[in-house]
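Q: Quick one: this structure, given as structure tokens, is what I'll be asking you about.
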Amino acid sequence: MTITKPMHRLRPTRGRRPSAEKMDSGPVWISIATIAVVLLLWEFIPQTGLINRVLFPTFTETLAGFVQLVTSGYWWDDLGKTMIAVAIAWTIGVTFGFTMGVVLGTSPFIRTAITPYAIAVQALPKVVLAPLLIGWLGFGSESKIALAVIICFFPVWIDTMVGLALPAANEFKLMQSLKATRWQIFVKLQLPSAIPMIMVGVKHSLLLAFTGVLVAEILAASDGGLGKLAKEFASQLNMPLTYSVVGIVVILAVTLVSIADVVERRVVFWSEESRTRRRS
Amino acid sequence: MRTEAIAAVAVASSPQARRRRFSPYILTVAFAPLIYAIWWLATSTRFVSPILLPAPQAVWNSFPRVVFADGFGEQVLRTLSEIVGGFLLGATIGFALGMLLSSSSRLRAAYLPALSALEAIPTVILAPIIIAWVGFGVEGKIMQAALACFYAVFITTLSGLGLAEPNAVNLMRSLGASKWQTMTKLRIPTALPVIFGGLQLGATTAIIGAIVSEFIGSTGGLGYLMIRYRGSFDTAAYWVIIFFFLAIGLATYLLIWYIEKKVVFWRRTDITRPDLEKQ
Amino acid sequence: MTMTTQTSPLVQATGVTKRFGSGDKEMVALSGLNLEVREGEFLSLLGPSGCGKSTALNIMGGLLKATEGTVTFGGETITGPSRQIGMMFQQAVMFPWRTTLDNVLLPVEIFGESKKQYKAKAEELLNMVGISEFAGSYPWQLSGGMQQRAALCRVLLHDPKLLLLDEPFGALDEFTRETMNQELLRLQAYAGSTAVLVTHNIAEAVFMSDRIAVMSARPGRLVGIIEVPFDRPRRPALQTTNDFVKLVAEARQMLELQ
């Protein structure tokens, strides 16, 4: 189900999904066979000596590392630091982005005027600020959060702005014919129309907040975190543990996105439904 | 993609804007000195720490010092080649994989769930591994940039190739067109506007991938220079390079936008933003 | 009419049934259709939405496979699309990256034949439908009616024996639609091809056809055939005659009797 979301993010609506009506067992076998082949290659190629065994440990060695990491428990602290930083940064970023979107998005005139600046902010890779922020705020969670906020507020801002502009002229005319106030138009028409779009931005910003925190941690976070952990293990060339940390980050990210997907579907139930109806 | 969305909205709102007595872009121009004034005020009152943001004059004055420093051109070239190399590599793999998966519903059912999980992965976490594998050289940066931009191109290619109207597909079938003919004459042209959206997004992420990788560890490039300037507390020089990255980002955006305009000359807003024209 | 009854059927559908899905979700789109299309005639498939008329058309065109039964074309069983059969759809389906002329020449390109050889014919056809000055324009620069004219040229380019028309003018406004119907009849007569039209518009079916196959929904099946005796070429004034109105009423009754 999550597969449809990224498409949706990159190119809203009108998406015809790969139809799932003809479910045969073929694909399942292809998946299982692929996983088996990959695991076998992973297990045996390092043993042949063709590649560096230190950099590419076998599957069982990596698995042992994973078990060791998970059972030892000392990484819980790092996990907590990363996730708390992500949560704080995401909350601030979404709030800030939404506010900016509303302030700048309700008037088409201002929207048009600031478009070039929005493009410039988009074009600037905001991670360039990372070393500066670390230098300024130190190695603690403040610099992580600051970087993550700067990186993650942008999609919420833009998607709010775009979303508020979505209602068609006729819908505005209807509201005006009812003598709706500006506030009523905003609350009853613009905001509900914008919510599907805003949810996409909010979801995207979750991933960006995660990325921002990891970047700061990998760059310089003496105060800990998963990014720092991965970097440390890698610099000791302890690859089983490095891969394990990366694996944990992957699992976390996929879980977060799946949760966000579920929440999104609950919140914007009408959007999905109306899309299906329009398609048939 | 986002910026296109903004541009689309700007276009959509232009009829209203046109009726006004003056263009909204007058406001755009008016913003520039305002931003400059805020910057100047914030730094001269020390409201913002000079470690973070130096005065505008200081940045301006540092330009020649940074640009004419020994080997600056080489560093720019190095970073540019990392970005371009990574982008080409990632976009090629993404496009090829998108084509492959779109050609078979079985492959799609088998691999798409795993591949779409890639969307969630912050590729930066792979940076330490890449450095362990290949060290601090250019190859690692190219790999990082390629990883960062692969997914956007892959998923836009895959979804774009599925966008052809059923009637258009039926037309091709009724003419007895081969799979390849349908692909080249219908599916790829239909997908192009969407793929360009993916390329635009992929270029942005490739730049980010290259910079982050340079920050984490490198022997050259603009990111390396930034780390050095920061080490010597030369924030003004650091900001000069930030402006270089702004220029690189904008130039990339405009370049892809221009190519898209030339290639996808038939494009109307409804192809990418159907929700804008809903009735 | 007397002329058409003499010839052997070009298309023969025998016991054609089409089911979509399986198990609980099974849907019978078409049930036991027996129908022949005679060489040179204009046949309409008339019925409400969901009566399987488009499905029947797609099976004749080789785009869908019948679950049961067979369809023959010129004596041979249809297994896939044929160059002898040309199809038109509800939309014009003009590729926006091709000029009108290139759109018309698309079939030739797909057949792997020389475009040069057909260029003159394409231009002649465009001229016949009155849009020759738009040959070099892109479809989005054309109105909906013009696009359908071009689509008409495209389908006639390689002289198909059979035209399968799936409500080709359904998306156009009433006035344009009437003009386009005239145009279609004129070009069909000129090309001498057989035509099967899918429509849910009774008057249109009566005006266009030699015979009307009336269909009903759920499951889709044939309920009767109406012979339309009017001479050709048909003029718009025909639609106000008593005989015409009577036939329309007959068709309506047949549709509502189900």
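Following the order of the structure tokens, chains are lettered A, B, ..., residues in each are numbered from 1, and ligands are numbered from 1.
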Would you list which chain B residues are within 10 Å of chain C using only C-alpha atoms, as a PyMOL selection string?
A: chain B and resi 165-178+181-182+185-186+189-190+263-268
Q: At most 12 Å is the cut-off: for each residue in chain C with any atom that close to an atom of chain A, write down the nearest atom pair and the distance in Å rounded to one decimal, counting only C-alpha atoms, chain first then increasing number, as a Markdown table.
A:
```
| residue | atom | partner | partner_atom | distance |
| --- | --- | --- | --- | --- |
| C:Phe20 | CA | A:Glu21 | CA | 10.5 |
| C:Gly21 | CA | A:Glu21 | CA | 7.9 |
| C:Ser22 | CA | A:Lys22 | CA | 9.8 |
| C:Lys25 | CA | A:Glu21 | CA | 10.3 |
| C:Glu26 | CA | A:Glu21 | CA | 11.7 |
```
Q: So, with only C-alpha atoms as the atoms that count, which of B:Met99, B:Ala203, B:Val153, B:Leu52 lies closest to chain A?
A: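 Closest to chain A, using only C-alpha atoms: B:Leu52.
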Q: Set the distance at 8 Å and use only C-alpha atoms: which residues neighbour Leu133 (chain A) once local chain neighbours fewer than 6 positions away are removed? I'd like the list as a list in words.
A: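 Returned residues: Ser143, Ala146 and Leu147 of chain A; Leu52 of chain B.
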Q: Using DSSP on the backbone coordinates, identify all residues within region 141-257 of chain C classified as strand (DSSP E or B); present the result as a PyMOL selection string.
A: chain C and resi 162-166+194-199+211-216+221-227
